[in-house]
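A.B. asks: Supplied structure: model.pdb, PDB, C-alpha atoms.
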MODEL        1
ATOM      1  CA  GLN Q   1       0.000   0.000   0.000  1.00  0.00           C
ATOM      2  CA  VAL Q   2       1.036   3.559  -0.725  1.00  0.00           C
ATOM      3  CA  GLN Q   3      -0.352   6.651   0.962  1.00  0.00           C
ATOM      4  CA  LEU Q   4      -0.178  10.057  -0.723  1.00  0.00           C
ATOM      5  CA  VAL Q   5      -0.714  13.390   1.017  1.00  0.00           C
ATOM      6  CA  GLU Q   6      -0.922  16.568  -1.036  1.00  0.00           C
ATOM      7  CA  SER Q   7      -0.416  20.131   0.107  1.00  0.00           C
ATOM      8  CA  GLY Q   8       0.096  23.574  -1.366  1.00  0.00           C
ATOM      9  CA  GLY Q   9      -3.195  24.388  -3.051  1.00  0.00           C
ATOM     10  CA  GLY Q  10      -4.994  27.657  -2.562  1.00  0.00           C
ATOM     11  CA  LEU Q  11      -6.310  30.831  -4.137  1.00  0.00           C
ATOM     12  CA  VAL Q  12      -4.108  32.900  -6.409  1.00  0.00           C
ATOM     13  CA  GLN Q  13      -4.618  35.650  -8.941  1.00  0.00           C
ATOM     14  CA  ALA Q  14      -4.088  35.033 -12.632  1.00  0.00           C
ATOM     15  CA  GLY Q  15      -0.402  35.222 -13.464  1.00  0.00           C
ATOM     16  CA  GLY Q  16       0.595  34.038 -10.025  1.00  0.00           C
ATOM     17  CA  SER Q  17       2.342  30.884  -8.874  1.00  0.00           C
ATOM     18  CA  LEU Q  18       1.693  27.954  -6.590  1.00  0.00           C
ATOM     19  CA  ARG Q  19       3.741  24.917  -5.649  1.00  0.00           C
ATOM     20  CA  LEU Q  20       2.024  21.632  -4.901  1.00  0.00           C
ATOM     21  CA  SER Q  21       3.717  18.903  -2.891  1.00  0.00           C
ATOM     22  CA  CYS Q  22       2.856  15.227  -2.540  1.00  0.00           C
ATOM     23  CA  ALA Q  23       4.496  13.090   0.120  1.00  0.00           C
ATOM     24  CA  ALA Q  24       4.419   9.331  -0.329  1.00  0.00           C
ATOM     25  CA  SER Q  25       4.622   6.767   2.451  1.00  0.00           C
ATOM     26  CA  GLY Q  26       4.131   3.040   2.799  1.00  0.00           C
ATOM     27  CA  SER Q  27       5.496   0.707   0.128  1.00  0.00           C
ATOM     28  CA  ILE Q  28       7.403   3.491  -1.567  1.00  0.00           C
ATOM     29  CA  PHE Q  29      10.062   1.161  -2.943  1.00  0.00           C
ATOM     30  CA  ARG Q  30       7.445  -0.170  -5.365  1.00  0.00           C
ATOM     31  CA  ILE Q  31       6.576   3.248  -6.824  1.00  0.00           C
ATOM     32  CA  SER Q  32       7.542   3.859 -10.428  1.00  0.00           C
ATOM     33  CA  THR Q  33       5.870   6.792 -12.194  1.00  0.00           C
ATOM     34  CA  MET Q  34       4.362   9.623 -10.173  1.00  0.00           C
ATOM     35  CA  GLY Q  35       2.230  12.413 -11.478  1.00  0.00           C
ATOM     36  CA  TRP Q  36      -0.394  15.079 -11.093  1.00  0.00           C
ATOM     37  CA  TYR Q  37      -3.898  15.048 -12.474  1.00  0.00           C
ATOM     38  CA  ARG Q  38      -6.722  17.546 -12.198  1.00  0.00           C
ATOM     39  CA  GLN Q  39     -10.469  17.342 -12.181  1.00  0.00           C
ATOM     40  CA  ALA Q  40     -13.332  19.805 -12.343  1.00  0.00           C
ATOM     41  CA  PRO Q  41     -16.757  18.959 -10.859  1.00  0.00           C
ATOM     42  CA  GLY Q  42     -18.647  16.604 -13.146  1.00  0.00           C
ATOM     43  CA  LYS Q  43     -15.719  16.087 -15.481  1.00  0.00           C
ATOM     44  CA  GLN Q  44     -13.140  13.367 -15.927  1.00  0.00           C
ATOM     45  CA  ARG Q  45      -9.780  13.446 -14.218  1.00  0.00           C
ATOM     46  CA  ASP Q  46      -7.140  14.604 -16.692  1.00  0.00           C
ATOM     47  CA  LEU Q  47      -3.392  14.230 -16.807  1.00  0.00           C
ATOM     48  CA  VAL Q  48      -1.304  17.302 -15.987  1.00  0.00           C
ATOM     49  CA  ALA Q  49       2.230  15.903 -15.740  1.00  0.00           C
ATOM     50  CA  THR Q  50       4.128  12.725 -14.916  1.00  0.00           C
ATOM     51  CA  ILE Q  51       7.690  11.917 -13.922  1.00  0.00           C
ATOM     52  CA  SER Q  52       9.472   8.578 -13.982  1.00  0.00           C
ATOM     53  CA  THR Q  53      11.938   7.275 -11.409  1.00  0.00           C
ATOM     54  CA  ARG Q  54      14.731   8.420 -13.727  1.00  0.00           C
ATOM     55  CA  GLY Q  55      13.270  11.905 -14.056  1.00  0.00           C
ATOM     56  CA  THR Q  56      11.705  11.633 -17.486  1.00  0.00           C
ATOM     57  CA  THR Q  57       8.798  14.079 -17.612  1.00  0.00           C
ATOM     58  CA  ASN Q  58       5.630  14.366 -19.615  1.00  0.00           C
ATOM     59  CA  TYR Q  59       3.199  17.307 -19.724  1.00  0.00           C
ATOM     60  CA  VAL Q  60      -0.183  18.017 -21.203  1.00  0.00           C
ATOM     61  CA  ASP Q  61       0.176  20.665 -23.900  1.00  0.00           C
ATOM     62  CA  SER Q  62      -1.836  23.286 -22.006  1.00  0.00           C
ATOM     63  CA  VAL Q  63       0.716  23.507 -19.173  1.00  0.00           C
ATOM     64  CA  LYS Q  64       3.979  23.151 -21.098  1.00  0.00           C
ATOM     65  CA  GLY Q  65       6.297  26.038 -20.343  1.00  0.00           C
ATOM     66  CA  ARG Q  66       4.294  27.042 -17.258  1.00  0.00           C
ATOM     67  CA  PHE Q  67       4.318  23.998 -14.969  1.00  0.00           C
ATOM     68  CA  THR Q  68       7.306  21.962 -13.833  1.00  0.00           C
ATOM     69  CA  ILE Q  69       7.103  18.551 -12.192  1.00  0.00           C
ATOM     70  CA  SER Q  70      10.006  17.365 -10.068  1.00  0.00           C
ATOM     71  CA  ARG Q  71      10.726  14.501  -7.759  1.00  0.00           C
ATOM     72  CA  ASP Q  72      12.830  14.073  -4.623  1.00  0.00           C
ATOM     73  CA  ASN Q  73      13.364  10.342  -4.349  1.00  0.00           C
ATOM     74  CA  ALA Q  74      15.288  10.665  -1.078  1.00  0.00           C
ATOM     75  CA  ASN Q  75      12.248  12.256   0.580  1.00  0.00           C
ATOM     76  CA  ASN Q  76       9.620  10.385  -1.438  1.00  0.00           C
ATOM     77  CA  THR Q  77       8.026  13.627  -2.569  1.00  0.00           C
ATOM     78  CA  VAL Q  78       6.827  14.909  -5.928  1.00  0.00           C
ATOM     79  CA  TYR Q  79       6.271  18.590  -6.641  1.00  0.00           C
ATOM     80  CA  LEU Q  80       4.360  20.612  -9.185  1.00  0.00           C
ATOM     81  CA  GLN Q  81       5.574  24.178  -9.644  1.00  0.00           C
ATOM     82  CA  MET Q  82       2.827  26.128 -11.368  1.00  0.00           C
ATOM     83  CA  ASN Q  83       3.673  29.528 -12.848  1.00  0.00           C
ATOM     84  CA  SER Q  84       1.697  31.955 -14.978  1.00  0.00           C
ATOM     85  CA  LEU Q  85      -1.513  30.466 -13.670  1.00  0.00           C
ATOM     86  CA  LYS Q  86      -4.711  31.026 -15.613  1.00  0.00           C
ATOM     87  CA  PRO Q  87      -8.356  30.871 -14.475  1.00  0.00           C
ATOM     88  CA  GLU Q  88      -8.757  27.726 -16.573  1.00  0.00           C
ATOM     89  CA  ASP Q  89      -6.204  26.016 -14.313  1.00  0.00           C
ATOM     90  CA  THR Q  90      -8.796  26.072 -11.526  1.00  0.00           C
ATOM     91  CA  ASP Q  91      -9.445  22.472 -10.484  1.00  0.00           C
ATOM     92  CA  VAL Q  92      -8.854  19.926  -7.778  1.00  0.00           C
ATOM     93  CA  TYR Q  93      -5.345  18.558  -8.263  1.00  0.00           C
ATOM     94  CA  TYR Q  94      -4.599  14.931  -7.404  1.00  0.00           C
ATOM     95  CA  CYS Q  95      -1.272  13.239  -6.847  1.00  0.00           C
ATOM     96  CA  ASN Q  96      -0.843   9.828  -8.442  1.00  0.00           C
ATOM     97  CA  ALA Q  97       1.631   7.009  -7.860  1.00  0.00           C
ATOM     98  CA  ARG Q  98       1.945   3.766  -9.775  1.00  0.00           C
ATOM     99  CA  THR Q  99       3.330   0.437  -8.629  1.00  0.00           C
ATOM    100  CA  PRO Q 100       3.269  -2.881 -10.446  1.00  0.00           C
ATOM    101  CA  GLY Q 101      -0.380  -3.801 -10.431  1.00  0.00           C
ATOM    102  CA  ALA Q 102      -1.797  -0.790  -8.581  1.00  0.00           C
ATOM    103  CA  THR Q 103      -2.455   2.930  -8.858  1.00  0.00           C
ATOM    104  CA  TYR Q 104      -2.802   5.212  -5.852  1.00  0.00           C
ATOM    105  CA  TRP Q 105      -4.345   8.651  -5.448  1.00  0.00           C
ATOM    106  CA  GLY Q 106      -4.074  11.409  -2.919  1.00  0.00           C
ATOM    107  CA  GLN Q 107      -7.081  13.172  -1.450  1.00  0.00           C
ATOM    108  CA  GLY Q 108      -6.798  16.155  -3.755  1.00  0.00           C
ATOM    109  CA  THR Q 109      -5.996  19.813  -3.208  1.00  0.00           C
ATOM    110  CA  GLN Q 110      -8.019  22.714  -4.555  1.00  0.00           C
ATOM    111  CA  VAL Q 111      -6.354  25.258  -6.816  1.00  0.00           C
ATOM    112  CA  THR Q 112      -8.393  28.360  -7.612  1.00  0.00           C
ATOM    113  CA  VAL Q 113      -7.127  31.050  -9.982  1.00  0.00           C
ATOM    114  CA  SER Q 114      -9.052  34.308  -9.996  1.00  0.00           C
ATOM    115  CA  SER Q 115      -9.166  36.591 -13.007  1.00  0.00           C
TER
ENDMDL
END
Have the structure of the file written as structure tokens, please.
C.D. replies:
Amino acid sequence: QVQLVESGGGLVQAGGSLRLSCAASGSIFRISTMGWYRQAPGKQRDLVATISTRGTTNYVDSVKGRFTISRDNANNTVYLQMNSLKPEDTDVYYCNARTPGATYWGQGTQVTVSS
């Protein structure tokens, strides 16, 4: 089992920045890819960014150049630095961790960008 705890969401004005953190605990040695997803009420959960154990990253086109995902393997934490935030980035952001045979989710953290 893997437990994920997110932090760092909040309210920010358009053009501002936020940094999300996700701390993993439990069977962390089994974790491969970690990532961030986001979801609006009534909509599907969509990929934002992922990072492999070796640091290979992947981003959805809408956040490229604005968001940066990073990973601290020593502290079992993944980060999402979000710059130049737009109102359309408003969502609940979820941390994700994959192990062989299982996918884990955090509880979600709200990000609200005001115009």
A.B. asks: Pull out every residue that the PyMOL selection byres ((chain Q and resi 82-91) around 8) matches in the shown coordinates and put them as a PDB file with C-alpha atoms, in the frame of the given file.
C.D. replies:
ATOM      1  CA  GLN Q  13      -4.618  35.650  -8.941  1.00  0.00           C
ATOM      2  CA  ALA Q  14      -4.088  35.033 -12.632  1.00  0.00           C
ATOM      3  CA  GLY Q  15      -0.402  35.222 -13.464  1.00  0.00           C
ATOM      4  CA  GLY Q  16       0.595  34.038 -10.025  1.00  0.00           C
ATOM      5  CA  SER Q  17       2.342  30.884  -8.874  1.00  0.00           C
ATOM      6  CA  LEU Q  18       1.693  27.954  -6.590  1.00  0.00           C
ATOM      7  CA  ARG Q  19       3.741  24.917  -5.649  1.00  0.00           C
ATOM      8  CA  LEU Q  20       2.024  21.632  -4.901  1.00  0.00           C
ATOM      9  CA  ARG Q  38      -6.722  17.546 -12.198  1.00  0.00           C
ATOM     10  CA  GLN Q  39     -10.469  17.342 -12.181  1.00  0.00           C
ATOM     11  CA  ALA Q  40     -13.332  19.805 -12.343  1.00  0.00           C
ATOM     12  CA  ARG Q  66       4.294  27.042 -17.258  1.00  0.00           C
ATOM     13  CA  PHE Q  67       4.318  23.998 -14.969  1.00  0.00           C
ATOM     14  CA  THR Q  68       7.306  21.962 -13.833  1.00  0.00           C
ATOM     15  CA  LEU Q  80       4.360  20.612  -9.185  1.00  0.00           C
ATOM     16  CA  GLN Q  81       5.574  24.178  -9.644  1.00  0.00           C
ATOM     17  CA  VAL Q  92      -8.854  19.926  -7.778  1.00  0.00           C
ATOM     18  CA  TYR Q  93      -5.345  18.558  -8.263  1.00  0.00           C
ATOM     19  CA  GLN Q 110      -8.019  22.714  -4.555  1.00  0.00           C
ATOM     20  CA  VAL Q 111      -6.354  25.258  -6.816  1.00  0.00           C
ATOM     21  CA  THR Q 112      -8.393  28.360  -7.612  1.00  0.00           C
ATOM     22  CA  VAL Q 113      -7.127  31.050  -9.982  1.00  0.00           C
ATOM     23  CA  SER Q 114      -9.052  34.308  -9.996  1.00  0.00           C
ATOM     24  CA  SER Q 115      -9.166  36.591 -13.007  1.00  0.00           C
TER      25      SER Q 115
END
A.B. asks: Given the PyMOL selection byres ((chain Q and resi 107) around 7) and the file above, list the residues it selects as a PyMOL selection string.
C.D. replies: chain Q and resi 5+94+105-106+108-109
A.B. asks: Considering all atoms listed in the file, can you say which of Q:Asn58, Q:Thr53, Q:Thr99, Q:Asn73 comes closest to Tyr37 (chain Q)?
C.D. replies: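 Using all atoms listed in the file, the shortest distance to Tyr37 (chain Q) belongs to Q:Asn58.
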A.B. asks: To verify the selection step, state as a VMD selection string which residues the PyMOL selection byres ((chain Q and resi 48) around 8) yields on this input.
C.D. replies: chain Q and resid 35 to 38 46 to 47 49 to 50 59 to 60 63
A.B. asks: From the set Q:Val2, Q:Ile69, Q:Gly101, Q:Thr57, which residue has the shortest atom-to-atom contact distance to Phe29 (chain Q), counting all atoms listed in the file?
C.D. replies: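 With all atoms listed in the file as the atom set, the closest residue is Q:Val2.
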A.B. asks: Choose the residue, out of Q:Ser25, Q:Gln44, Q:Ser7, Q:Thr33, that has the smallest atom-to-atom separation from Arg71 (chain Q); count only C-alpha atoms.
C.D. replies: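 The answer is Q:Thr33, which sits nearest to Arg71 (chain Q).
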A.B. asks: Place N, CA, C and O atoms on region 30-55 of chain Q and deliver the coordinates as a short mmCIF file (atom, residue, chain, number, x, y, z; two decimals), keeping the file's coordinate frame.
C.D. replies:
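Resulting contents of out-v9.cif:
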data_model
loop_
_atom_site.label_atom_id
_atom_site.label_comp_id
_atom_site.auth_asym_id
_atom_site.auth_seq_id
_atom_site.Cartn_x
_atom_site.Cartn_y
_atom_site.Cartn_z
N ARG Q 30 8.12 0.39 -4.20
CA ARG Q 30 7.44 -0.17 -5.36
C ARG Q 30 6.98 0.90 -6.35
O ARG Q 30 6.52 0.57 -7.45
N ILE Q 31 7.09 2.17 -5.97
CA ILE Q 31 6.58 3.25 -6.82
C ILE Q 31 7.45 3.43 -8.05
O ILE Q 31 8.67 3.49 -7.94
N SER Q 32 6.82 3.52 -9.21
CA SER Q 32 7.54 3.86 -10.43
C SER Q 32 7.17 5.30 -10.81
O SER Q 32 7.66 6.23 -10.23
N THR Q 33 6.27 5.46 -11.74
CA THR Q 33 5.87 6.79 -12.19
C THR Q 33 4.99 7.49 -11.15
O THR Q 33 4.13 6.86 -10.53
N MET Q 34 5.25 8.78 -10.98
CA MET Q 34 4.36 9.62 -10.17
C MET Q 34 3.87 10.77 -11.04
O MET Q 34 4.49 11.11 -12.05
N GLY Q 35 2.76 11.34 -10.64
CA GLY Q 35 2.23 12.41 -11.48
C GLY Q 35 1.17 13.23 -10.79
O GLY Q 35 0.82 12.99 -9.63
N TRP Q 36 0.69 14.20 -11.53
CA TRP Q 36 -0.39 15.08 -11.09
C TRP Q 36 -1.50 15.06 -12.14
O TRP Q 36 -1.22 15.11 -13.34
N TYR Q 37 -2.71 14.99 -11.64
CA TYR Q 37 -3.90 15.05 -12.47
C TYR Q 37 -4.80 16.13 -11.91
O TYR Q 37 -4.63 16.56 -10.77
N ARG Q 38 -5.78 16.56 -12.70
CA ARG Q 38 -6.72 17.55 -12.20
C ARG Q 38 -8.12 17.22 -12.68
O ARG Q 38 -8.31 16.59 -13.73
N GLN Q 39 -9.08 17.69 -11.89
CA GLN Q 39 -10.47 17.34 -12.18
C GLN Q 39 -11.39 18.46 -11.74
O GLN Q 39 -11.30 18.96 -10.62
N ALA Q 40 -12.28 18.85 -12.65
CA ALA Q 40 -13.33 19.80 -12.34
C ALA Q 40 -14.60 19.03 -11.99
O ALA Q 40 -14.77 17.88 -12.41
N PRO Q 41 -15.51 19.65 -11.23
CA PRO Q 41 -16.76 18.96 -10.86
C PRO Q 41 -17.51 18.45 -12.08
O PRO Q 41 -17.72 19.19 -13.04
N GLY Q 42 -17.88 17.18 -12.06
CA GLY Q 42 -18.65 16.60 -13.15
C GLY Q 42 -17.86 16.23 -14.38
O GLY Q 42 -18.44 15.79 -15.38
N LYS Q 43 -16.55 16.40 -14.32
CA LYS Q 43 -15.72 16.09 -15.48
C LYS Q 43 -14.73 14.98 -15.14
O LYS Q 43 -14.52 14.64 -13.99
N GLN Q 44 -14.11 14.43 -16.16
CA GLN Q 44 -13.14 13.37 -15.93
C GLN Q 44 -11.84 13.94 -15.38
O GLN Q 44 -11.57 15.13 -15.52
N ARG Q 45 -11.07 13.06 -14.75
CA ARG Q 45 -9.78 13.45 -14.22
C ARG Q 45 -8.76 13.38 -15.35
O ARG Q 45 -8.61 12.36 -16.01
N ASP Q 46 -8.06 14.49 -15.56
CA ASP Q 46 -7.14 14.60 -16.69
C ASP Q 46 -5.70 14.70 -16.24
O ASP Q 46 -5.38 15.30 -15.21
N LEU Q 47 -4.82 14.17 -17.07
CA LEU Q 47 -3.39 14.23 -16.81
C LEU Q 47 -2.89 15.66 -16.87
O LEU Q 47 -3.27 16.44 -17.76
N VAL Q 48 -2.02 16.03 -15.93
CA VAL Q 48 -1.30 17.30 -15.99
C VAL Q 48 0.16 17.03 -16.33
O VAL Q 48 0.70 17.57 -17.29
N ALA Q 49 0.82 16.19 -15.53
CA ALA Q 49 2.23 15.90 -15.74
C ALA Q 49 2.59 14.61 -15.02
O ALA Q 49 1.99 14.26 -14.01
N THR Q 50 3.59 13.93 -15.56
CA THR Q 50 4.13 12.72 -14.92
C THR Q 50 5.65 12.78 -14.92
O THR Q 50 6.27 13.51 -15.72
N ILE Q 51 6.24 12.00 -14.01
CA ILE Q 51 7.69 11.92 -13.92
C ILE Q 51 8.07 10.49 -13.53
O ILE Q 51 7.48 9.91 -12.62
N SER Q 52 9.03 9.94 -14.25
CA SER Q 52 9.47 8.58 -13.98
C SER Q 52 10.51 8.57 -12.86
O SER Q 52 10.96 9.63 -12.40
N THR Q 53 10.91 7.38 -12.45
CA THR Q 53 11.94 7.28 -11.41
C THR Q 53 13.26 7.87 -11.88
O THR Q 53 14.07 8.33 -11.07
N ARG Q 54 13.48 7.87 -13.18
CA ARG Q 54 14.73 8.42 -13.73
C ARG Q 54 14.61 9.90 -14.06
O ARG Q 54 15.58 10.50 -14.53
N GLY Q 55 13.43 10.48 -13.83
CA GLY Q 55 13.27 11.90 -14.06
C GLY Q 55 12.72 12.29 -15.42
O GLY Q 55 12.66 13.48 -15.74
#
